[in-house]
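Raw contents of run01.cif, mmCIF, C-alpha atoms:
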data_data
loop_
_atom_site.label_atom_id
_atom_site.label_comp_id
_atom_site.auth_asym_id
_atom_site.auth_seq_id
_atom_site.Cartn_x
_atom_site.Cartn_y
_atom_site.Cartn_z
CA MET A 16 71.95 225.32 24.01
CA SER A 17 72.35 227.58 27.04
CA PHE A 18 70.45 227.13 30.30
CA THR A 19 68.44 230.30 29.64
CA SER A 20 67.29 229.21 26.20
CA GLU A 21 66.45 225.72 27.51
CA LYS A 22 64.32 227.29 30.23
CA PHE A 23 62.65 229.55 27.66
CA HIS A 24 61.76 226.70 25.27
CA LYS A 25 60.47 224.57 28.12
CA ARG A 26 58.23 227.37 29.28
CA ARG A 27 56.84 228.04 25.80
CA GLY A 28 55.88 224.48 25.00
CA ARG A 29 55.69 222.94 21.56
CA PRO A 30 55.11 225.63 18.86
CA GLY A 31 51.76 225.41 17.17
CA SER A 32 50.21 223.15 19.81
CA LEU A 33 46.52 223.76 20.47
CA ARG A 34 46.35 221.42 23.42
CA HIS A 35 46.94 224.13 26.04
CA ILE A 36 45.73 227.07 23.99
CA GLU A 37 43.68 228.55 26.82
CA THR A 38 46.83 228.88 28.96
CA ASP A 39 49.08 230.11 26.16
CA PRO A 40 50.28 233.67 26.86
CA THR A 41 51.46 234.17 23.26
CA HIS A 42 48.15 233.50 21.52
CA HIS A 43 46.51 236.72 20.28
CA LEU A 44 43.02 235.66 21.37
CA THR A 45 43.57 233.78 24.62
CA GLY A 46 46.81 235.13 26.05
CA PRO A 47 45.52 238.50 27.25
CA PHE A 48 42.73 236.83 29.23
CA LEU A 49 45.20 234.97 31.46
CA PRO A 50 45.86 236.25 35.00
CA GLN A 51 48.32 239.10 34.73
CA THR A 52 51.47 239.83 36.70
CA PRO A 53 50.89 242.54 39.35
CA PRO A 54 51.26 245.88 37.60
CA ASP A 55 53.91 247.15 39.97
CA SER A 56 56.34 244.44 38.86
CA THR A 57 59.78 245.57 37.87
CA SER A 58 60.11 246.88 34.37
CA SER A 59 61.51 244.79 31.60
CA PRO A 60 65.22 245.05 30.75
CA VAL A 61 64.06 245.20 27.14
CA SER A 62 63.35 248.93 27.36
CA SER A 63 66.87 249.86 28.39
CA LEU A 64 68.41 247.43 25.92
CA ASN A 65 66.30 248.69 23.04
CA GLY A 66 67.15 252.24 24.04
CA THR A 67 70.86 251.42 23.88
CA LEU A 68 70.46 249.79 20.50
CA SER A 69 68.52 252.75 19.15
CA HIS A 70 71.39 255.08 20.05
CA GLN A 71 73.87 252.76 18.40
CA LYS A 72 71.91 252.59 15.16
CA GLU A 73 69.66 255.58 14.63
CA SER A 74 67.25 255.24 11.76
CA THR A 75 66.83 257.91 9.11
CA PHE A 76 63.82 258.70 6.96
CA TRP A 77 65.51 257.19 3.92
CA SER A 78 66.49 253.99 5.74
CA ASP A 79 62.94 253.67 7.09
CA LEU A 80 61.58 254.20 3.59
CA THR A 81 63.79 251.57 1.94
CA SER A 82 63.39 249.02 4.75
CA THR A 83 59.59 249.55 5.19
CA ARG A 84 60.23 250.53 8.81
CA TRP A 85 58.12 253.63 8.11
CA ILE A 86 55.13 251.37 8.78
CA VAL A 87 56.04 251.25 12.48
CA ASN A 88 57.91 254.56 12.75
CA PRO A 89 55.37 257.37 13.29
CA THR A 90 57.84 260.12 12.40
CA SER A 91 58.60 258.62 9.00
CA SER A 92 54.96 257.75 8.27
CA PHE A 93 53.95 261.31 9.19
CA LYS A 94 56.46 262.73 6.71
CA LEU A 95 55.11 260.46 4.00
CA LEU A 96 51.57 261.41 4.97
CA MET A 97 52.19 265.14 4.74
CA MET A 98 53.94 265.17 1.35
CA PRO A 99 50.73 264.72 -0.73
CA VAL A 100 48.89 267.17 1.54
CA ILE A 101 51.49 269.88 0.95
CA LEU A 102 51.62 269.14 -2.77
CA TYR A 103 47.82 269.21 -2.98
CA ILE A 104 47.64 272.61 -1.25
CA ASN A 105 50.42 274.03 -3.44
CA TRP A 106 48.61 272.89 -6.56
CA GLU A 107 45.34 274.45 -5.40
CA VAL A 108 47.11 277.75 -4.73
CA LEU A 109 49.34 277.90 -7.81
CA ALA A 110 47.39 276.03 -10.50
CA PRO A 111 44.99 278.92 -11.32
CA TYR A 112 48.04 280.93 -12.37
CA ILE A 113 50.28 278.35 -14.09
CA ALA A 114 48.06 275.38 -14.98
CA HIS A 115 44.54 276.71 -15.26
CA GLY A 116 41.91 274.08 -16.00
CA LEU A 117 44.01 271.06 -14.99
CA SER A 118 42.67 268.90 -12.20
CA ASN A 119 44.74 268.41 -9.08
CA PRO A 120 46.76 265.17 -9.56
CA PHE A 121 47.06 264.70 -5.79
CA ARG A 122 43.33 264.82 -5.13
CA PRO A 123 42.75 261.03 -5.58
CA LEU A 124 45.15 260.36 -2.71
CA LEU A 125 43.09 262.39 -0.25
CA PHE A 126 39.53 262.14 -1.56
CA ILE A 127 37.40 259.49 -3.22
CA SER A 128 37.16 259.69 -7.00
CA TYR A 129 34.66 259.00 -9.80
CA ARG A 130 31.57 260.96 -8.91
CA ILE A 131 28.74 260.10 -11.30
CA PRO A 132 28.04 263.39 -13.13
CA SER A 133 24.35 262.65 -13.56
CA SER A 134 23.76 262.16 -9.82
CA PRO A 135 22.01 265.15 -8.22
CA ASP A 136 23.54 267.12 -5.34
CA SER A 137 20.76 265.84 -3.09
CA ASP A 138 21.81 262.22 -3.71
CA VAL A 139 25.44 262.14 -4.83
CA ARG A 140 26.68 258.79 -6.14
CA TYR A 141 30.10 257.38 -6.99
CA ARG A 142 31.35 254.49 -9.09
CA LYS A 143 34.57 252.52 -8.71
CA GLY A 144 37.78 252.97 -10.73
CA TYR A 145 41.53 252.41 -10.73
CA LEU A 146 42.28 255.57 -8.78
CA ASP A 147 40.60 253.91 -5.80
CA LEU A 148 43.84 251.92 -5.44
CA VAL A 149 45.74 255.17 -5.01
CA PHE A 150 43.35 256.20 -2.22
CA VAL A 151 43.93 252.84 -0.49
CA LEU A 152 47.73 253.10 -0.78
CA TYR A 153 47.76 256.56 0.77
CA HIS A 154 45.56 255.47 3.64
CA ILE A 155 47.85 252.53 4.39
CA ILE A 156 50.32 255.25 5.34
CA PHE A 157 47.58 257.04 7.29
CA TYR A 158 46.83 253.92 9.35
CA SER A 159 50.54 253.28 9.94
CA PHE A 160 50.84 256.72 11.48
CA LEU A 161 47.55 256.55 13.37
CA ARG A 162 48.33 253.12 14.82
CA GLN A 163 51.66 254.19 16.27
CA VAL A 164 50.34 257.48 17.61
CA ILE A 165 47.49 255.75 19.44
CA THR A 166 49.59 252.89 20.79
CA ILE A 167 52.56 255.04 21.87
CA ASN A 168 51.19 258.49 22.66
CA LEU A 169 47.73 257.61 23.95
CA CYS A 170 47.65 254.04 25.25
CA ARG A 171 51.14 253.78 26.71
CA PRO A 172 50.69 256.69 29.16
CA ILE A 173 47.33 255.23 30.24
CA ALA A 174 48.93 251.83 30.84
CA GLN A 175 51.79 253.39 32.80
CA TYR A 176 49.30 255.39 34.87
CA PHE A 177 47.70 252.12 35.94
CA GLY A 178 51.10 250.68 36.87
CA ILE A 179 51.92 248.56 33.83
CA LYS A 180 55.68 248.65 33.32
CA ARG A 181 56.80 245.64 31.33
CA ALA A 182 57.61 246.47 27.72
CA THR A 183 55.71 243.51 26.31
CA LYS A 184 52.57 244.39 28.25
CA LEU A 185 52.80 248.03 27.23
CA ASP A 186 52.95 246.92 23.59
CA ARG A 187 50.01 244.53 23.93
CA PHE A 188 47.94 247.10 25.81
CA GLY A 189 48.62 249.60 23.03
CA GLU A 190 47.56 247.11 20.36
CA GLN A 191 44.26 246.48 22.14
CA GLY A 192 43.67 250.19 22.69
CA TYR A 193 44.13 250.82 18.98
CA ALA A 194 41.85 247.91 18.08
CA PHE A 195 39.18 249.16 20.49
CA ILE A 196 39.21 252.68 19.02
CA TYR A 197 39.34 251.54 15.39
CA PHE A 198 36.57 248.95 15.58
CA ALA A 199 34.37 251.19 17.75
CA VAL A 200 34.58 253.96 15.14
CA MET A 201 34.17 251.65 12.14
CA GLY A 202 31.41 249.63 13.80
CA ALA A 203 29.43 252.80 14.52
CA TRP A 204 30.14 254.13 11.03
CA GLY A 205 29.07 250.85 9.44
CA TYR A 206 25.83 250.91 11.43
CA ARG A 207 25.14 254.48 10.31
CA ILE A 208 25.69 253.47 6.67
CA MET A 209 23.51 250.38 6.95
CA GLN A 210 20.68 252.59 8.24
CA GLN A 211 20.78 254.38 4.86
CA LEU A 212 20.57 251.12 2.89
CA PRO A 213 17.63 248.82 2.16
CA THR A 214 19.61 245.99 3.80
CA TYR A 215 19.03 247.36 7.32
CA TRP A 216 18.84 245.23 9.69
CA TYR A 217 20.14 242.24 7.67
CA ARG A 218 17.24 242.21 5.21
CA THR A 219 19.28 239.91 3.07
CA GLU A 220 16.99 239.79 0.05
CA TYR A 221 18.19 243.30 -0.84
CA PHE A 222 21.71 241.99 -1.33
CA TRP A 223 20.40 240.69 -4.66
CA ILE A 224 17.30 242.68 -5.63
CA ASP A 225 18.04 245.38 -8.22
CA TYR A 226 21.60 244.14 -8.74
CA PRO A 227 24.08 245.50 -9.89
CA HIS A 228 24.55 248.08 -7.13
CA TRP A 229 27.38 249.81 -8.97
CA ASP A 230 26.55 253.36 -7.84
CA MET A 231 27.55 253.99 -4.22
CA LYS A 232 26.78 256.66 -1.71
CA PRO A 233 30.00 258.61 -1.01
CA GLU A 234 30.00 257.53 2.62
CA LEU A 235 29.74 253.85 1.68
CA LYS A 236 32.60 254.13 -0.83
CA ARG A 237 34.93 255.91 1.61
CA TYR A 238 34.02 253.42 4.37
CA TYR A 239 34.79 250.49 2.10
CA LEU A 240 38.14 251.82 0.93
CA MET A 241 39.19 252.84 4.44
CA HIS A 242 38.51 249.29 5.60
CA ALA A 243 40.56 247.92 2.71
CA ALA A 244 43.49 250.17 3.65
CA TYR A 245 43.30 249.08 7.29
CA TRP A 246 43.50 245.38 6.50
CA CYS A 247 46.28 245.90 3.95
CA GLN A 248 48.30 247.74 6.60
CA GLN A 249 47.67 245.01 9.17
CA LEU A 250 48.74 242.33 6.69
CA LEU A 251 51.93 244.22 5.82
CA VAL A 252 52.91 244.39 9.49
CA LEU A 253 52.41 240.62 9.74
CA ILE A 254 54.08 239.37 6.55
CA LEU A 255 57.04 241.76 6.86
CA ARG A 256 57.39 240.65 10.52
CA LEU A 257 57.75 244.23 11.68
CA GLU A 258 56.49 243.11 15.08
CA LYS A 259 57.24 239.96 17.03
CA PRO A 260 54.97 237.22 15.60
CA ARG A 261 52.44 235.57 17.87
CA LYS A 262 52.04 231.81 18.11
CA ASP A 263 48.87 231.92 15.99
CA TYR A 264 50.70 233.87 13.28
CA SER A 265 49.48 231.55 10.50
CA GLU A 266 45.84 231.87 11.59
CA LEU A 267 46.07 235.67 11.57
CA VAL A 268 47.71 235.76 8.13
CA ALA A 269 45.00 233.45 6.79
CA HIS A 270 42.29 235.63 8.34
CA HIS A 271 43.73 238.79 6.77
CA PHE A 272 44.05 237.19 3.33
CA VAL A 273 40.46 235.92 3.43
CA THR A 274 39.26 239.34 4.62
CA LEU A 275 41.03 241.11 1.75
CA TRP A 276 39.68 238.52 -0.68
CA LEU A 277 36.18 239.37 0.51
CA ILE A 278 36.80 243.11 0.35
CA GLY A 279 38.36 243.05 -3.11
CA TRP A 280 35.87 240.76 -4.80
CA SER A 281 32.77 242.30 -3.25
CA TYR A 282 33.95 245.77 -4.31
CA LEU A 283 34.86 244.62 -7.83
CA VAL A 284 31.57 242.82 -8.54
CA ASN A 285 29.38 245.55 -6.99
CA MET A 286 28.36 243.64 -3.85
CA THR A 287 29.10 246.41 -1.37
CA MET A 288 25.79 245.94 0.45
CA ILE A 289 26.69 242.40 1.49
CA GLY A 290 30.20 243.68 2.24
CA ASN A 291 28.81 246.25 4.66
CA ALA A 292 26.82 243.50 6.39
CA VAL A 293 29.92 241.30 6.76
CA TYR A 294 31.98 244.24 8.05
CA MET A 295 29.34 244.94 10.70
CA SER A 296 29.28 241.33 11.86
CA MET A 297 33.06 241.40 12.32
CA ASP A 298 33.74 244.89 13.67
CA ILE A 299 31.27 245.09 16.54
CA PRO A 300 32.45 241.88 18.31
CA ASP A 301 36.06 243.07 18.00
CA VAL A 302 35.18 246.15 20.07
CA PHE A 303 34.12 243.94 22.98
CA LEU A 304 37.06 241.59 22.48
CA ALA A 305 39.56 244.44 22.73
CA PHE A 306 37.74 245.98 25.71
CA SER A 307 37.81 242.68 27.60
CA LYS A 308 41.54 242.35 26.99
CA ILE A 309 42.16 245.92 28.18
CA LEU A 310 40.30 245.28 31.44
CA ASN A 311 42.33 242.13 32.01
CA TYR A 312 45.61 243.98 31.50
CA LEU A 313 44.41 246.54 34.07
CA GLN A 314 43.49 243.68 36.46
CA LEU A 315 39.92 244.89 36.90
CA THR A 316 38.74 241.37 37.68
CA ARG A 317 34.99 241.88 38.17
CA ALA A 318 34.67 244.27 35.25
CA LYS A 319 36.69 241.85 33.12
CA LEU A 320 34.34 238.96 33.90
CA VAL A 321 31.24 241.02 33.08
CA ALA A 322 32.83 242.31 29.86
CA PHE A 323 33.84 238.78 28.88
CA VAL A 324 30.28 237.47 29.30
CA VAL A 325 28.93 240.36 27.22
CA PHE A 326 31.65 239.77 24.62
CA LEU A 327 30.76 236.08 24.40
CA CYS A 328 27.10 236.91 23.70
CA VAL A 329 27.95 239.62 21.17
CA TRP A 330 30.46 237.37 19.39
CA THR A 331 27.94 234.52 19.19
CA TYR A 332 25.24 236.74 17.71
CA PHE A 333 27.32 238.72 15.22
CA ARG A 334 30.08 236.36 14.13
CA HIS A 335 28.00 233.21 13.98
CA TYR A 336 24.26 233.85 13.86
CA LEU A 337 24.43 236.82 11.48
CA ASN A 338 27.22 235.29 9.41
CA ILE A 339 25.18 232.11 8.96
CA ILE A 340 22.21 234.24 7.88
CA ILE A 341 24.47 235.83 5.25
CA LEU A 342 25.69 232.42 4.09
CA TRP A 343 22.10 231.17 3.90
CA SER A 344 21.19 234.19 1.80
CA VAL A 345 24.05 233.56 -0.63
CA TRP A 346 22.97 229.95 -1.03
CA THR A 347 19.17 230.39 -1.22
CA GLU A 348 18.49 233.98 -2.36
CA PHE A 349 21.10 234.35 -5.10
CA ASP A 350 18.38 233.75 -7.71
CA LEU A 351 16.66 236.99 -6.69
CA ILE A 352 19.13 238.70 -9.00
CA PRO A 353 17.23 240.04 -12.03
CA GLU A 354 17.41 237.61 -14.92
CA HIS A 355 18.86 240.12 -17.38
CA THR A 356 21.81 240.90 -15.07
CA ARG A 357 22.90 237.27 -14.57
CA VAL A 358 25.60 237.78 -17.17
CA TRP A 359 29.33 238.42 -17.26
CA ALA A 360 29.25 242.01 -18.50
CA PRO A 361 31.70 244.12 -16.47
CA GLU A 362 31.08 247.16 -18.68
CA THR A 363 27.50 247.28 -17.34
CA GLY A 364 28.47 246.39 -13.77
CA ALA A 365 26.99 242.88 -13.97
CA TRP A 366 29.28 240.05 -12.90
CA LEU A 367 27.08 237.49 -11.20
CA VAL A 368 26.83 234.50 -13.49
CA TRP A 369 25.76 231.20 -11.93
CA TRP A 370 29.20 230.14 -10.61
CA MET A 371 29.68 233.43 -8.76
CA ARG A 372 27.38 232.04 -6.06
CA TYR A 373 30.30 229.80 -5.02
CA GLN A 374 32.85 232.59 -5.35
CA ILE A 375 30.85 234.69 -2.86
CA PHE A 376 30.01 231.78 -0.57
CA THR A 377 33.54 230.37 -0.24
CA PRO A 378 35.40 233.26 1.47
CA ILE A 379 32.51 233.91 3.88
CA PHE A 380 32.44 230.20 4.70
CA LEU A 381 36.22 230.14 5.26
CA LEU A 382 35.89 233.15 7.54
CA GLN A 383 33.20 231.30 9.48
CA ILE A 384 35.54 228.32 9.94
CA LEU A 385 38.23 230.62 11.37
CA ASN A 386 35.62 232.21 13.64
CA LEU A 387 34.51 228.78 14.84
CA LEU A 388 38.11 227.90 15.66
CA TRP A 389 38.44 231.05 17.75
CA TYR A 390 35.00 230.42 19.24
CA TYR A 391 36.30 227.08 20.48
CA PHE A 392 39.22 228.86 22.14
CA ILE A 393 36.87 231.41 23.73
CA TRP A 394 34.74 228.68 25.29
CA ARG A 395 37.84 226.99 26.63
CA ILE A 396 38.73 230.25 28.33
CA ALA A 397 35.20 230.53 29.73
CA LEU A 398 35.22 226.96 31.10
CA ARG A 399 38.71 227.38 32.50
CA SER A 400 37.65 230.54 34.36
CA LEU A 401 35.14 228.45 36.34
CA GLN A 402 37.99 226.48 37.94
CA PRO A 403 39.19 227.99 41.24
CA SER A 404 42.84 227.29 40.43
CA THR A 405 42.76 229.70 37.50
CA MET A 406 42.11 232.65 39.75
CA THR A 407 45.64 232.41 41.16
CA ASP A 408 48.67 234.06 39.59
CA ASP A 409 51.18 231.24 39.93
CA ARG A 410 52.11 231.10 36.22
CA SER A 411 52.00 234.75 35.23
CA ASP A 412 55.47 235.71 36.43
CA ASP A 413 57.00 232.95 34.34
CA GLU A 414 54.93 233.96 31.35
CA ASP A 415 56.04 237.56 31.52
CA GLU A 416 59.66 236.58 32.04
CA GLY A 417 59.33 234.36 28.99
CA ASP A 418 58.14 237.28 26.94
CA ASP A 419 61.01 239.39 28.12
CA ASP A 420 63.52 236.65 27.41
CA ALA A 421 62.17 236.38 23.92
CA ASP A 422 62.51 240.12 23.44
CA LEU A 423 66.08 239.99 24.68
CA ASP A 424 66.93 237.18 22.29
CA ASP A 425 65.41 239.16 19.42
CA ALA A 426 67.39 242.24 20.40
CA LYS A 427 70.65 240.30 20.56
CA MET A 428 70.08 238.99 17.04
CA ASP A 429 69.49 242.46 15.57
#

Reformat the file's structure so that it appears as structure tokens.
Amino acid sequence: MSFTSEKFHKRRGRPGSLRHIETDPTHHLTGPFLPQTPPDSTSSPVSSLNGTLSHQKESTFWSDLTSTRWIVNPTSSFKLLMMPVILYINWEVLAPYIAHGLSNPFRPLLFISYRIPSSPDSDVRYRKGYLDLVFVLYHIIFYSFLRQVITINLCRPIAQYFGIKRATKLDRFGEQGYAFIYFAVMGAWGYRIMQQLPTYWYRTEYFWIDYPHWDMKPELKRYYLMHAAYWCQQLLVLILRLEKPRKDYSELVAHHFVTLWLIGWSYLVNMTMIGNAVYMSMDIPDVFLAFSKILNYLQLTRAKLVAFVVFLCVWTYFRHYLNIIILWSVWTEFDLIPEHTRVWAPETGAWLVWWMRYQIFTPIFLLQILNLLWYYFIWRIALRSLQPSTMTDDRSDDEDEGDDDADLDDAKMD
């Protein structure tokens, strides 16, 4: 093993170790809170190396499509995104003349399907159906494009304006900027939807009263499917390793699988009201988490400390207190379901037989365990920040060099 690789492995420490998690620069939760290298540090050699490699092996739309690189290539994802739009418009223009009376086959990609015909215009309702999967698949492409546009075209110039030059930091800053925007929008949207539901503010008995809730407001259905597409896209990026994995890669994969389990089952068995409540309890803390990380990357020390304290309070309330209230409701209020709907009758929308209590409880409980693990890490960060030695920047140069070395090694292997 070369001297450089020995130095790199020594700096990283034992993979998977949780002993020094609060000082681990590669952990998705704790790393960004560490003291950062001064922003005017020299730029990473990764940028020039990657630029050279890109000229040597230029990607094409077809190669991106067959290798799934379209997920991280905004040009390719934009082309995929626009194809159904163009086809939809062409059908709308030409169909009256050559296919009169036929519905637009591209409509389910762009718009939610299955409006209930009997619902009045003043209170439109939708049901679920197989074409919802088509909507989700299309919006996986949408999020692939949106993610890269925000991280590259919006967040990167902001980071460079504030003096961030290293390639790894530019990437991480972009990730947090995208997370901040996404969860801020979805958190606000989820709150707006909850205001229209009897479950506002966590009136948990209405998760079960009048079940099955198979008819959805259009806004709730679109919100639910957009969330599903987001988490599918995030999981694809992870399992296809289209970005450099973090040290807590396994935790993140587990989190995404549990999240999709919750989304899929709650949508299938007509439990979208409890799904909205869980979404809210997850999305809003993530806004403050991403914002705290952004401030740390910008080295706004006082603002970072204030944001971190606020984040800690918000996380505690939403991800633990409210989640435990939801778990308590599943365990103690499940019997509020009307007696005649406690049957396995999918054709009527009723799925909640007695053992479904455990099917609903289990993924929420597993999610709470993951949240408690991260909560432990957060408190370690908080306690560590009280030590005077942590306010220095003695380790940060090594950490950043380690990231760059890792990038160089990855580039050499490509």

Might you spell out which residues the PyMOL selection byres ((chain A and resi 222) around 9) would select in the displayed file, as a ChimeraX atom specification? /A:213-214,218-221,223-226,228,286-289,344-345,348-349,351-352

Convert the output of the PyMOL selection byres ((chain A and resi 290-298) around 6) on the shown file into explicit residues, formatted as a list in words. Phe198, Gly202, Thr287, Met288, Ile289, Ile299, Pro300, Asp301, Phe333 and Arg334 of chain A

For CA of Glu354 in chain A and CA of Leu212 in chain A, quote the distance in Å rounded to one decimal.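 If I compute the distance from CA of Glu354 in chain A to CA of Leu212 in chain A, I get 22.6 Å.
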
Rank nothing, just name the residue among A:Trp229, A:Phe177, A:Tyr206, A:Tyr238 nearest to Leu310 in chain A, using all atoms listed in the file. A:Phe177

I'd like to know which of A:Thr81, A:Thr183, A:Asn168, A:Ser159 is closest to Cys247 in chain A, using all atoms listed in the file. A:Ser159

For this file, the PyMOL selection byres ((chain A and resi 364-366) around 9) selects which residues, as a ChimeraX atom specification? /A:226-229,283-285,356-363,367-368,371

What does the structure give for the distance between CA of Leu96 in chain A and CA of Ile155 in chain A, in Å to one decimal?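 Value for the CA of Leu96 in chain A-CA of Ile155 in chain A distance: 9.6 Å.
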
Determine, counting all atoms listed in the file, which protein, DNA and RNA residues have an atom within 12 Å of an atom of Leu327 in chain A; residues of the same chain fewer than 6 positions away are not included. Present the result as a list in words. Ile299, Pro300, Asp301, Val302, Phe303, Leu304, Ser307, Leu320, Val321, Phe333, Arg334, His335, Trp389, Tyr390, Tyr391, Phe392, Ile393, Trp394, Arg395, Ile396 and Ala397 of chain A

Have a look at CA of Ser265 in chain A and CA of Leu148 in chain A and let me know their distance in Å, one decimal.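 It comes out at 26.5 Å.
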